[in-house]
>>> print(open('final-v7.txt').read())   # compact mmCIF, C-alpha atoms (C1' of nucleotides)
# COMPACT_ATOMS: atom_id res chain seq x y z
CA MET A 14 -11.27 -11.95 25.37
CA ARG A 15 -7.82 -12.69 24.06
CA ILE A 16 -6.41 -11.93 20.68
CA GLY A 17 -7.26 -15.25 19.10
CA GLU A 18 -10.92 -14.93 19.83
CA LEU A 19 -11.04 -11.36 18.65
CA SER A 20 -9.33 -12.45 15.49
CA ALA A 21 -11.84 -15.21 14.94
CA ARG A 22 -14.76 -12.95 15.63
CA THR A 23 -13.63 -10.13 13.42
CA GLY A 24 -11.90 -11.93 10.65
CA ALA A 25 -8.85 -9.78 11.15
CA SER A 26 -5.60 -11.66 11.49
CA VAL A 27 -3.74 -11.65 14.75
CA ARG A 28 -1.04 -9.73 13.04
CA MET A 29 -3.47 -7.04 12.02
CA LEU A 30 -4.78 -6.65 15.52
CA ARG A 31 -1.31 -6.17 16.88
CA TYR A 32 -0.59 -3.76 14.11
CA TYR A 33 -3.66 -1.69 14.93
CA GLU A 34 -2.52 -1.52 18.49
CA GLU A 35 0.87 -0.40 17.34
CA GLN A 36 -0.86 2.41 15.48
CA GLY A 37 -2.81 3.40 18.54
CA LEU A 38 -6.14 2.27 17.15
CA LEU A 39 -6.65 -0.40 19.77
CA THR A 40 -5.53 -0.34 23.37
CA PRO A 41 -6.14 -3.66 25.03
CA VAL A 42 -5.17 -4.13 28.64
CA ARG A 43 -2.62 -6.74 29.56
CA THR A 44 -2.59 -9.64 31.93
CA GLU A 45 0.37 -10.00 34.20
CA SER A 46 1.87 -12.39 31.77
CA GLY A 47 1.51 -9.95 28.95
CA TYR A 48 -1.50 -11.33 27.16
CA ARG A 49 -3.70 -8.77 25.46
CA ILE A 50 -7.24 -8.62 26.78
CA TYR A 51 -9.91 -7.05 24.63
CA GLN A 52 -13.40 -5.88 25.39
CA GLU A 53 -16.59 -6.75 23.65
CA SER A 54 -16.71 -3.32 22.15
CA ASP A 55 -13.45 -3.98 20.41
CA VAL A 56 -15.21 -6.31 18.03
CA ASP A 57 -17.11 -3.34 16.71
CA ARG A 58 -14.10 -1.20 16.82
CA VAL A 59 -12.06 -3.54 14.68
CA ALA A 60 -14.83 -3.68 12.15
CA ARG A 61 -14.82 0.08 11.91
CA ILE A 62 -11.08 0.25 11.68
CA ARG A 63 -11.03 -2.17 8.82
CA CYS A 64 -13.81 -0.36 7.10
CA MET A 65 -12.08 2.96 7.28
CA LEU A 66 -8.68 1.65 6.35
CA SER A 67 -10.13 -0.19 3.41
CA ALA A 68 -11.55 3.13 2.36
CA ALA A 69 -8.01 4.41 2.19
CA LEU A 70 -8.60 7.03 4.80
CA PRO A 71 -5.34 8.39 6.16
CA SER A 72 -4.55 6.42 9.27
CA GLY A 73 -4.23 9.62 11.21
CA VAL A 74 -7.82 10.43 10.43
CA VAL A 75 -8.86 6.92 11.26
CA GLY A 76 -7.23 7.29 14.62
CA GLN A 77 -8.80 10.61 15.40
CA ALA A 78 -12.17 9.57 14.16
CA LEU A 79 -12.12 6.40 16.17
CA ARG A 80 -11.23 8.16 19.32
CA PHE A 81 -14.31 10.31 19.03
CA LEU A 82 -16.46 7.59 17.74
CA LEU A 83 -15.81 4.98 20.33
CA ASP A 84 -14.48 6.82 23.27
CA GLY A 85 -17.43 9.11 23.29
CA ARG A 86 -17.08 12.81 23.15
CA ALA A 87 -14.83 12.78 26.11
CA ALA A 88 -11.96 13.54 23.84
CA ILE A 89 -13.49 16.54 22.19
CA PRO A 90 -11.37 19.52 23.08
CA ASP A 91 -12.90 22.14 25.32
CA GLU A 92 -11.27 25.07 23.66
CA PRO A 93 -13.62 26.28 20.95
CA ALA A 94 -10.63 27.08 18.78
CA ASP A 95 -9.31 23.57 19.05
CA ARG A 96 -12.71 22.18 18.29
CA ALA A 97 -12.97 24.36 15.25
CA ARG A 98 -9.64 23.28 13.89
CA LEU A 99 -10.44 19.68 14.49
CA ALA A 100 -13.79 20.00 12.84
CA ASP A 101 -12.20 21.64 9.84
CA THR A 102 -9.68 18.90 9.46
CA LEU A 103 -12.31 16.24 9.62
CA GLN A 104 -14.58 18.20 7.34
CA GLY A 105 -11.82 18.29 4.78
CA GLU A 106 -11.50 14.55 4.87
CA LEU A 107 -15.23 14.24 4.70
CA ASP A 108 -15.40 16.33 1.57
CA LEU A 109 -12.63 14.38 -0.06
CA LEU A 110 -14.38 11.18 0.75
CA THR A 111 -17.62 12.45 -0.68
CA GLU A 112 -15.89 13.42 -3.88
CA LYS A 113 -14.31 10.03 -4.14
CA ILE A 114 -17.63 8.34 -3.65
CA GLU A 115 -19.31 10.36 -6.33
CA SER A 116 -16.58 9.63 -8.77
CA LEU A 117 -16.66 5.96 -7.97
CA ARG A 118 -20.38 5.90 -8.38
CA SER A 119 -20.06 7.24 -11.85
CA SER A 120 -17.48 4.63 -12.63
CA ARG A 121 -19.73 1.96 -11.30
CA ASP A 122 -22.65 3.15 -13.36
CA LEU A 123 -20.49 3.12 -16.41
CA LEU A 124 -19.29 -0.34 -15.66
CA ALA A 125 -22.83 -1.47 -15.10
CA THR A 126 -23.89 -0.35 -18.53
CA ILE A 127 -20.94 -2.09 -20.06
CA VAL A 128 -21.83 -5.28 -18.31
CA ALA A 129 -25.32 -4.88 -19.63
CA ASP A 130 -23.94 -4.31 -23.09
CA VAL A 131 -21.80 -7.37 -22.98
CA ARG A 132 -24.49 -9.49 -21.50
CA GLY A 133 -27.54 -8.34 -23.26
CA ASP A 134 -26.19 -7.58 -26.66
CA VAL A 135 -25.50 -4.07 -27.77
CA VAL A 136 -27.67 -1.22 -26.76
CA GLY A 137 -31.09 -1.55 -28.16
CA PRO A 138 -34.59 -0.33 -27.45
CA GLY A 139 -35.59 -3.83 -26.61
CA HIS A 140 -34.56 -4.91 -23.18
CA PRO A 141 -33.08 -8.33 -22.64
CA GLY A 142 -34.32 -9.18 -19.26
CA ASP A 143 -31.84 -7.83 -16.78
CA PRO A 144 -33.13 -9.59 -13.73
CA GLY A 145 -30.52 -9.74 -11.03
CA GLY A 146 -28.86 -6.41 -11.30
CA GLY A 147 -30.75 -3.64 -9.75
CA VAL A 148 -27.97 -1.38 -10.73
CA ALA A 149 -27.90 -1.68 -14.44
CA ARG A 150 -29.77 1.30 -15.55
CA ARG A 151 -29.43 2.60 -18.99
CA SER A 152 -29.05 6.24 -18.30
CA VAL A 153 -25.47 7.02 -18.03
CA ARG A 154 -24.08 10.45 -18.32
CA LYS A 155 -21.20 9.92 -20.58
CA ALA A 156 -18.46 10.41 -18.04
CA GLY A 157 -18.49 14.11 -18.17
CA PRO A 158 -16.89 15.74 -15.17
CA ALA A 159 -16.83 12.54 -13.22
CA VAL A 160 -13.41 13.47 -12.12
CA GLY A 161 -12.24 13.15 -8.61
CA LEU A 162 -8.74 14.37 -8.59
CA ALA A 163 -7.21 14.49 -5.22
CA ARG A 164 -4.69 16.69 -3.57
CA MET B 28 0.74 15.51 -25.99
CA ARG B 29 3.88 14.29 -24.30
CA ILE B 30 4.24 13.04 -20.79
CA GLY B 31 5.19 16.34 -19.25
CA GLU B 32 2.06 18.05 -20.41
CA LEU B 33 -0.16 15.19 -19.33
CA SER B 34 1.50 15.32 -15.97
CA ALA B 35 0.87 19.02 -15.66
CA ARG B 36 -2.72 18.70 -16.75
CA THR B 37 -3.57 15.82 -14.47
CA GLY B 38 -1.45 16.50 -11.46
CA ALA B 39 -0.02 13.02 -11.66
CA SER B 40 3.73 12.81 -11.57
CA VAL B 41 5.63 11.64 -14.59
CA ARG B 42 6.63 8.63 -12.60
CA MET B 43 3.04 7.74 -11.92
CA LEU B 44 2.10 7.99 -15.58
CA ARG B 45 4.87 5.64 -16.54
CA TYR B 46 3.81 3.31 -13.76
CA TYR B 47 0.23 3.28 -14.97
CA GLU B 48 1.49 2.33 -18.39
CA GLU B 49 3.55 -0.44 -16.88
CA GLN B 50 0.36 -1.73 -15.31
CA GLY B 51 -1.44 -1.63 -18.60
CA LEU B 52 -3.72 1.20 -17.59
CA LEU B 53 -2.40 3.60 -20.18
CA THR B 54 -1.10 2.76 -23.63
CA PRO B 55 0.41 5.80 -25.26
CA VAL B 56 1.88 5.50 -28.71
CA ARG B 57 5.53 6.23 -29.23
CA THR B 58 7.41 8.52 -31.53
CA GLU B 59 10.33 7.10 -33.46
CA SER B 60 12.61 8.36 -30.77
CA GLY B 61 10.62 6.63 -28.10
CA TYR B 62 8.71 9.52 -26.62
CA ARG B 63 5.28 8.71 -25.28
CA ILE B 64 2.42 10.46 -27.01
CA TYR B 65 -0.90 10.70 -25.21
CA GLN B 66 -4.36 11.57 -26.40
CA GLU B 67 -6.74 14.13 -25.03
CA SER B 68 -8.88 11.38 -23.62
CA ASP B 69 -6.01 10.24 -21.49
CA VAL B 70 -6.47 13.26 -19.29
CA ASP B 71 -9.82 11.89 -18.26
CA ARG B 72 -8.47 8.44 -18.05
CA VAL B 73 -5.75 9.38 -15.66
CA ALA B 74 -8.24 11.14 -13.47
CA ARG B 75 -10.29 8.02 -13.25
CA ILE B 76 -7.30 5.83 -12.60
CA ARG B 77 -6.21 8.02 -9.76
CA CYS B 78 -9.64 8.08 -8.30
CA MET B 79 -9.96 4.34 -8.26
CA LEU B 80 -6.49 3.80 -6.92
CA SER B 81 -6.96 6.40 -4.23
CA ALA B 82 -10.03 4.53 -3.14
CA ALA B 83 -7.87 1.49 -2.62
CA LEU B 84 -9.62 -0.59 -5.18
CA PRO B 85 -7.86 -3.86 -5.87
CA SER B 86 -5.63 -3.15 -8.83
CA GLY B 87 -7.01 -6.11 -10.66
CA VAL B 88 -10.38 -4.49 -10.61
CA VAL B 89 -8.96 -1.19 -11.64
CA GLY B 90 -7.12 -2.75 -14.52
CA GLN B 91 -9.82 -4.82 -16.07
CA ALA B 92 -12.59 -2.47 -15.26
CA LEU B 93 -10.74 0.45 -16.73
CA ARG B 94 -10.15 -1.24 -20.00
CA PHE B 95 -13.84 -1.50 -20.54
CA LEU B 96 -14.77 1.63 -18.75
CA LEU B 97 -12.66 3.74 -21.01
CA ASP B 98 -12.34 1.81 -24.19
CA GLY B 99 -16.03 1.39 -24.45
CA ARG B 100 -17.30 -1.80 -25.91
CA ALA B 101 -14.65 -1.94 -28.56
CA ALA B 102 -13.10 -4.88 -26.84
CA ILE B 103 -16.19 -6.99 -26.51
CA PRO B 104 -15.60 -10.43 -27.97
CA ASP B 105 -17.86 -11.90 -30.63
CA GLU B 106 -18.09 -15.41 -29.34
CA PRO B 107 -21.12 -15.68 -27.08
CA ALA B 108 -19.24 -17.93 -24.71
CA ASP B 109 -16.43 -15.43 -24.36
CA ARG B 110 -18.91 -12.68 -23.86
CA ALA B 111 -20.60 -14.63 -21.13
CA ARG B 112 -17.38 -15.24 -19.26
CA LEU B 113 -16.39 -11.66 -19.67
CA ALA B 114 -19.73 -10.51 -18.41
CA ASP B 115 -19.38 -12.67 -15.35
CA THR B 116 -15.95 -11.33 -14.64
CA LEU B 117 -17.09 -7.78 -14.99
CA GLN B 118 -20.14 -8.47 -12.92
CA GLY B 119 -17.89 -9.66 -10.16
CA GLU B 120 -15.89 -6.50 -10.35
CA LEU B 121 -19.04 -4.49 -10.44
CA ASP B 122 -20.19 -6.16 -7.26
CA LEU B 123 -16.88 -5.49 -5.63
CA LEU B 124 -17.07 -1.88 -6.65
CA THR B 125 -20.56 -1.61 -5.25
CA GLU B 126 -19.44 -3.14 -2.00
CA LYS B 127 -16.57 -0.76 -1.85
CA ILE B 128 -18.81 2.19 -2.42
CA GLU B 129 -21.11 1.08 0.34
CA SER B 130 -18.18 0.73 2.65
CA LEU B 131 -16.99 4.19 1.75
CA ARG B 132 -20.43 5.59 2.30
CA SER B 133 -20.62 4.11 5.72
CA SER B 134 -17.24 5.55 6.57
CA ARG B 135 -18.35 8.89 5.32
CA ASP B 136 -21.53 8.79 7.36
CA LEU B 137 -19.51 7.93 10.37
CA LEU B 138 -17.17 10.78 9.75
CA ALA B 139 -20.09 13.13 9.17
CA THR B 140 -21.53 12.20 12.51
CA ILE B 141 -18.30 12.90 14.22
CA VAL B 142 -17.87 16.22 12.52
CA ALA B 143 -21.33 17.18 13.61
CA ASP B 144 -20.52 16.21 17.15
CA VAL B 145 -17.36 18.20 17.23
CA ARG B 146 -18.82 21.19 15.49
CA GLY B 147 -22.24 21.28 16.97
CA ASP B 148 -23.36 21.69 20.52
CA VAL B 149 -21.51 18.94 22.30
CA VAL B 150 -21.49 20.03 25.88
CA GLY B 151 -24.82 21.64 25.75
CA PRO B 152 -27.16 22.14 28.66
CA GLY B 153 -27.38 18.41 28.81
CA HIS B 154 -24.30 16.79 30.04
CA PRO B 155 -21.60 14.34 29.65
CA GLY B 156 -22.34 11.11 31.28
CA ASP B 157 -25.70 11.01 29.65
CA PRO B 158 -26.87 7.67 28.44
CA GLY B 159 -24.97 6.53 25.45
CA GLY B 160 -27.52 8.04 23.15
CA GLY B 161 -25.86 11.34 23.04
CA VAL B 162 -25.27 13.46 20.07
CA ALA B 163 -24.61 10.90 17.49
CA ARG B 164 -27.79 10.34 15.68
CA ARG B 165 -28.87 13.00 13.31
CA SER B 166 -30.16 11.07 10.36
CA VAL B 167 -27.28 8.79 10.27
CA ARG B 168 -28.18 5.20 10.22
CA LYS B 169 -26.16 4.19 13.15
CA ALA B 170 -23.65 2.48 10.94
CA GLY B 171 -24.72 -0.86 12.16
CA PRO B 172 -23.07 -3.38 9.95
CA ALA B 173 -20.70 -0.69 8.91
CA VAL B 174 -18.42 -3.41 7.89
CA GLY B 175 -16.86 -3.57 4.55
CA LEU B 176 -14.74 -6.48 5.33
CA ALA B 177 -13.47 -8.02 2.23
CA ARG B 178 -11.16 -10.66 1.11
C1' DC C 7 25.90 25.08 -33.14
C1' DT C 8 25.12 24.79 -28.33
C1' DA C 9 22.96 24.84 -24.06
C1' DA C 10 18.90 23.94 -21.64
C1' DA C 11 14.79 21.26 -21.28
C1' DG C 12 12.49 17.33 -21.73
C1' DC C 13 12.34 12.48 -22.25
C1' DC C 14 14.11 7.67 -22.02
C1' DT C 15 15.33 3.32 -19.30
C1' DC C 16 16.98 1.10 -15.45
C1' DA C 17 17.22 0.54 -10.67
C1' DC C 18 17.39 1.30 -5.83
C1' DA C 19 14.65 3.38 -1.81
C1' DC C 20 10.60 4.08 0.95
C1' DC C 21 6.17 3.77 3.31
C1' DG C 22 1.91 1.47 4.70
C1' DA C 23 -0.27 -2.66 5.72
C1' DC C 24 0.28 -6.54 6.26
C1' DG C 25 2.45 -12.09 6.11
C1' DT C 26 5.74 -15.18 8.05
C1' DT C 27 9.15 -17.18 10.78
C1' DA C 28 11.94 -17.82 14.91
C1' DG C 29 12.58 -18.40 19.70
C1' DA C 30 10.45 -18.30 24.14
C1' DG C 31 6.81 -17.91 27.70
C1' DT C 32 1.76 -19.25 29.34
C1' DC C 33 -2.15 -22.00 30.16
C1' DA C 34 -5.65 -25.71 30.29
C1' DA C 35 -6.16 -30.66 29.90
C1' DG C 36 -4.64 -35.29 30.48
C1' DC D 12 4.62 -33.11 34.76
C1' DT D 13 4.09 -33.07 29.91
C1' DT D 14 1.94 -31.91 25.81
C1' DG D 15 -0.17 -28.93 22.64
C1' DA D 16 -2.65 -24.87 21.74
C1' DC D 17 -2.17 -20.09 22.41
C1' DT D 18 0.44 -15.97 23.12
C1' DC D 19 4.47 -12.90 23.32
C1' DT D 20 8.31 -9.95 21.02
C1' DA D 21 11.39 -9.09 17.33
C1' DA D 22 12.65 -8.98 12.89
C1' DC D 23 12.67 -9.83 8.14
C1' DG D 24 9.86 -10.34 3.68
C1' DT D 25 6.35 -8.71 0.32
C1' DC D 26 3.49 -5.97 -2.53
C1' DG D 27 1.45 -1.81 -4.42
C1' DG D 28 2.23 2.92 -5.33
C1' DT D 29 5.74 6.43 -5.62
C1' DG D 30 10.07 9.26 -5.08
C1' DT D 31 14.64 9.83 -6.70
C1' DG D 32 18.84 9.57 -9.12
C1' DA D 33 22.18 8.01 -12.72
C1' DG D 34 23.48 7.97 -17.44
C1' DG D 35 22.18 8.87 -22.01
C1' DC D 36 19.36 10.36 -26.09
C1' DT D 37 16.04 14.19 -28.35
C1' DT D 38 13.97 18.42 -29.03
C1' DT D 39 13.77 23.31 -28.72
C1' DA D 40 15.33 28.06 -27.99
C1' DG D 41 18.74 31.39 -28.74
>>> encode(input="final-v7.txt", output="structure tokens")
Amino acid sequence: MRIGELSARTGASVRMLRYYEEQGLLTPVRTESGYRIYQESDVDRVARIRCMLSAALPSGVVGQALRFLLDGRAAIPDEPADRARLADTLQGELDLLTEKIESLRSSRDLLATIVADVRGDVVGPGHPGDPGGGVARRSVRKAGPAVGLAR
Amino acid sequence: MRIGELSARTGASVRMLRYYEEQGLLTPVRTESGYRIYQESDVDRVARIRCMLSAALPSGVVGQALRFLLDGRAAIPDEPADRARLADTLQGELDLLTEKIESLRSSRDLLATIVADVRGDVVGPGHPGDPGGGVARRSVRKAGPAVGLAR
DNA sequence: CTAAAGCCTCACACCGACGTTAGAGTCAAG
DNA sequence: CTTGACTCTAACGTCGGTGTGAGGCTTTAG
């Protein structure tokens, strides 16, 4: 498919798609006239790219990850040493991401209780409904460590 | 404490701290000579700010959410109507945050799978060219709609 | 008192991830 | 063949988050 269709099907703008290519995250083939031709699998790929970028993952990591994710393990280095280094790098990102998530979760829980407070009057033993939100629990650890400082 | 100390204790640069203030995320008092004076609690606050920003949360969310996250319910309006609108706003941000977290989790799962692939077996007795199945399952929900597409 | 640190306010610079516009080629339909 | 939708490249603009430097007070140590 051409870029317009991919754009429509992914929700990413044409500009974004070209940008991703520029960054080496997409590699469409070209027609003789220069038009980009994408594969079905690129629909998925774009979704993943956007997901990871929106997670503020370093674009380098996004690139590496995507290569392994979508190009199969063909790109995994043979040399055990290389593999180890690669794995360590990715593991580092993974740990950072996990930290971030935990910290965000605590923020979300806190926010949820505040919403509950605002909505259902101040904290009380009685419970004012609380239908929609499955999230609004009342047990919130008062933002103790909850800290996710980064590098 | 003054800005230098806060910077040292949080790892955020002085520039960043002033920027956060500019964005309304920090509101230090001033000495007569204009020096910013921060509270102990600002150490925590900065940590949280950095976490949310590093997760690429829309700054609007960070801003409003933070005010209530960290100032507790001090700022909750009396008027029921105001409270209702506020609750709705916060609920929206809460939903966004939840979405974001889900997106991050899916990215993390993806990354975890890849790390496992790189680290673990890989070219075992099996073989390349095996049917797509391959190494990538391992308790990871195949990141189906791993899409965190957002506005 | 004086020098060194620390802080202040601009204000310009930069990078990533886009948006937007301009000028030109391509393609399917009428 | 012409029109209009689609695409191309190239380049400039924008916005958030920071770095960096200039020029000038304030505080602290000796």
>>> residues_around(input="final-v7.txt", residues="B:Glu32", least_positions_apart="5", cutoff="12 Å", atoms="all atoms listed in the file", output="ChimeraX atom specification")
/B:37-41,44,63-67,69-70 /C:12-13
>>> interface_residues(input="final-v7.txt", of="chain D", to="chain A", cutoff="9 Å", atoms="all atoms listed in the file", output="list in words")
DC17, DT18 and DC19 of chain D
>>> closest_atom_pairs(input="final-v7.txt", of="chain A", to="chain B", cutoff="8 Å", atoms="all atoms listed in the file", output="JSON lines")
{"residue": "A:Ala60", "atom": "CA", "partner": "B:Val174", "partner_atom": "CA", "distance": 5.6}
{"residue": "A:Arg61", "atom": "CA", "partner": "B:Val174", "partner_atom": "CA", "distance": 6.4}
{"residue": "A:Arg63", "atom": "CA", "partner": "B:Leu176", "partner_atom": "CA", "distance": 6.7}
{"residue": "A:Cys64", "atom": "CA", "partner": "B:Gly175", "partner_atom": "CA", "distance": 5.1}
{"residue": "A:Met65", "atom": "CA", "partner": "B:Ser134", "partner_atom": "CA", "distance": 5.8}
{"residue": "A:Ser67", "atom": "CA", "partner": "B:Ala83", "partner_atom": "CA", "distance": 6.7}
{"residue": "A:Ala68", "atom": "CA", "partner": "B:Leu131", "partner_atom": "CA", "distance": 5.6}
{"residue": "A:Ala69", "atom": "CA", "partner": "B:Ala83", "partner_atom": "CA", "distance": 5.6}
{"residue": "A:Ala78", "atom": "CA", "partner": "B:Leu138", "partner_atom": "CA", "distance": 6.8}
{"residue": "A:Phe81", "atom": "CA", "partner": "B:Ile141", "partner_atom": "CA", "distance": 6.8}
{"residue": "A:Leu82", "atom": "CA", "partner": "B:Ile141", "partner_atom": "CA", "distance": 6.6}
{"residue": "A:Arg86", "atom": "CA", "partner": "B:Val149", "partner_atom": "CA", "distance": 7.6}
{"residue": "A:Ala87", "atom": "CA", "partner": "B:Pro155", "partner_atom": "CA", "distance": 7.8}
{"residue": "A:Ile89", "atom": "CA", "partner": "B:Val145", "partner_atom": "CA", "distance": 6.5}
{"residue": "A:Arg96", "atom": "CA", "partner": "B:Val145", "partner_atom": "CA", "distance": 6.2}
{"residue": "A:Ala97", "atom": "CA", "partner": "B:Arg146", "partner_atom": "CA", "distance": 6.7}
{"residue": "A:Leu99", "atom": "CA", "partner": "B:Val145", "partner_atom": "CA", "distance": 7.6}
{"residue": "A:Ala100", "atom": "CA", "partner": "B:Val142", "partner_atom": "CA", "distance": 5.6}
{"residue": "A:Leu103", "atom": "CA", "partner": "B:Val142", "partner_atom": "CA", "distance": 6.3}
{"residue": "A:Gln104", "atom": "CA", "partner": "B:Val142", "partner_atom": "CA", "distance": 6.4}
{"residue": "A:Leu107", "atom": "CA", "partner": "B:Arg135", "partner_atom": "CA", "distance": 6.2}
{"residue": "A:Leu110", "atom": "CA", "partner": "B:Arg135", "partner_atom": "CA", "distance": 6.5}
{"residue": "A:Thr111", "atom": "CA", "partner": "B:Arg135", "partner_atom": "CA", "distance": 7.0}
{"residue": "A:Lys113", "atom": "CA", "partner": "B:Cys78", "partner_atom": "CA", "distance": 6.6}
{"residue": "A:Ile114", "atom": "CA", "partner": "B:Ile128", "partner_atom": "CA", "distance": 6.4}
{"residue": "A:Ser116", "atom": "CA", "partner": "B:Cys78", "partner_atom": "CA", "distance": 7.1}
{"residue": "A:Leu117", "atom": "CA", "partner": "B:Met79", "partner_atom": "CA", "distance": 6.9}
{"residue": "A:Arg118", "atom": "CA", "partner": "B:Ile128", "partner_atom": "CA", "distance": 7.2}
{"residue": "A:Ser120", "atom": "CA", "partner": "B:Leu96", "partner_atom": "CA", "distance": 7.3}
{"residue": "A:Arg121", "atom": "CA", "partner": "B:Leu121", "partner_atom": "CA", "distance": 6.5}
{"residue": "A:Leu123", "atom": "CA", "partner": "B:Leu96", "partner_atom": "CA", "distance": 6.4}
{"residue": "A:Leu124", "atom": "CA", "partner": "B:Leu96", "partner_atom": "CA", "distance": 5.8}
{"residue": "A:Ala125", "atom": "CA", "partner": "B:Leu121", "partner_atom": "CA", "distance": 6.7}
{"residue": "A:Ile127", "atom": "CA", "partner": "B:Arg100", "partner_atom": "CA", "distance": 6.9}
{"residue": "A:Val128", "atom": "CA", "partner": "B:Ala114", "partner_atom": "CA", "distance": 5.6}
{"residue": "A:Asp130", "atom": "CA", "partner": "B:Arg100", "partner_atom": "CA", "distance": 7.6}
{"residue": "A:Val131", "atom": "CA", "partner": "B:Ala114", "partner_atom": "CA", "distance": 5.9}
{"residue": "A:Arg132", "atom": "CA", "partner": "B:Ala114", "partner_atom": "CA", "distance": 5.8}
{"residue": "A:Ala159", "atom": "CA", "partner": "B:Arg75", "partner_atom": "CA", "distance": 8.0}
{"residue": "A:Val160", "atom": "CA", "partner": "B:Ala74", "partner_atom": "CA", "distance": 5.8}
{"residue": "A:Gly161", "atom": "CA", "partner": "B:Cys78", "partner_atom": "CA", "distance": 5.7}
{"residue": "A:Leu162", "atom": "CA", "partner": "B:Ala74", "partner_atom": "CA", "distance": 5.9}
{"residue": "A:Ala163", "atom": "CA", "partner": "B:Cys78", "partner_atom": "CA", "distance": 7.5}
>>> atom_distance(input="final-v7.txt", atom1="atom CA of B:Arg42", atom2="atom CA of B:Gly87")
20.2 Å
>>> residues_near_point(input="final-v7.txt", point="(17.1, 2.4, -10.6)", cutoff="9 Å", atoms="all atoms listed in the file", output="ChimeraX atom specification")
/C:15-18 /D:31-33
>>> closest_residue(input="final-v7.txt", among="B:Thr58, B:Arg36, B:Gln91, B:Tyr47", to="chain C", atoms="only C-alpha atoms (C1' of nucleotides)")
B:Thr58
>>> closest_atom_pairs(input="final-v7.txt", of="chain C", to="chain A", cutoff="10 Å", atoms="only C-alpha atoms (C1' of nucleotides)", output="CSV")
residue,atom,partner,partner_atom,distance
C:DG22,C1',A:Ser72,CA,9.3
C:DA23,C1',A:Met29,CA,8.3
C:DC24,C1',A:Met29,CA,6.9
C:DG25,C1',A:Arg28,CA,8.1
C:DG31,C1',A:Ser46,CA,8.5
C:DT32,C1',A:Ser46,CA,7.3
>>> axis_aligned_box(input="final-v7.txt", around="stretch 22-40 of chain D", padding_each_side="3 Å", output="AutoDock Vina command-line options")
--center_x 12.5 --center_y 8.9 --center_z -8.1 --size_x 28.0 --size_y 44.4 --size_z 47.9
>>> atom_distance(input="final-v7.txt", atom1="atom C1' of D:DA21", atom2="atom CA of A:Leu19")
22.6 Å
>>> residues_around(input="final-v7.txt", residues="D:DT14", least_positions_apart="2", cutoff="12 Å", atoms="only C-alpha atoms (C1' of nucleotides)", output="ChimeraX atom specification")
/C:33-36 /D:12,16
>>> atom_distance(input="final-v7.txt", atom1="atom C1' of C:DC14", atom2="atom C1' of D:DC36")
7.2 Å
>>> residues_near_point(input="final-v7.txt", point="(16.3, 22.9, -26.8)", cutoff="12 Å", atoms="all atoms listed in the file", output="list in words")
DC7, DT8, DA9, DA10, DA11 and DG12 of chain C; DT37, DT38, DT39, DA40 and DG41 of chain D
>>> decode(input="final-v7.txt", residues="stretch 64-80 of chain B", atoms="C-alpha atoms", output="mmCIF file, in the first residue's frame")
data_model
loop_
_atom_site.group_PDB
_atom_site.id
_atom_site.type_symbol
_atom_site.label_atom_id
_atom_site.label_comp_id
_atom_site.auth_asym_id
_atom_site.auth_seq_id
_atom_site.Cartn_x
_atom_site.Cartn_y
_atom_site.Cartn_z
ATOM 1 C CA ILE B 64 13.397 29.155 49.030
ATOM 2 C CA TYR B 65 12.113 25.612 48.751
ATOM 3 C CA GLN B 66 10.560 23.281 51.259
ATOM 4 C CA GLU B 67 11.540 19.765 52.123
ATOM 5 C CA SER B 68 8.476 18.477 50.372
ATOM 6 C CA ASP B 69 9.702 19.973 47.149
ATOM 7 C CA VAL B 70 12.329 17.282 46.934
ATOM 8 C CA ASP B 71 9.579 14.743 46.533
ATOM 9 C CA ARG B 72 7.668 17.008 44.284
ATOM 10 C CA VAL B 73 10.516 17.433 41.885
ATOM 11 C CA ALA B 74 10.990 13.712 41.742
ATOM 12 C CA ARG B 75 7.415 13.269 40.745
ATOM 13 C CA ILE B 76 7.538 16.039 38.202
ATOM 14 C CA ARG B 77 10.544 14.511 36.563
ATOM 15 C CA CYS B 78 8.972 11.130 36.510
ATOM 16 C CA MET B 79 5.852 12.322 34.813
ATOM 17 C CA LEU B 80 7.703 14.454 32.335
#
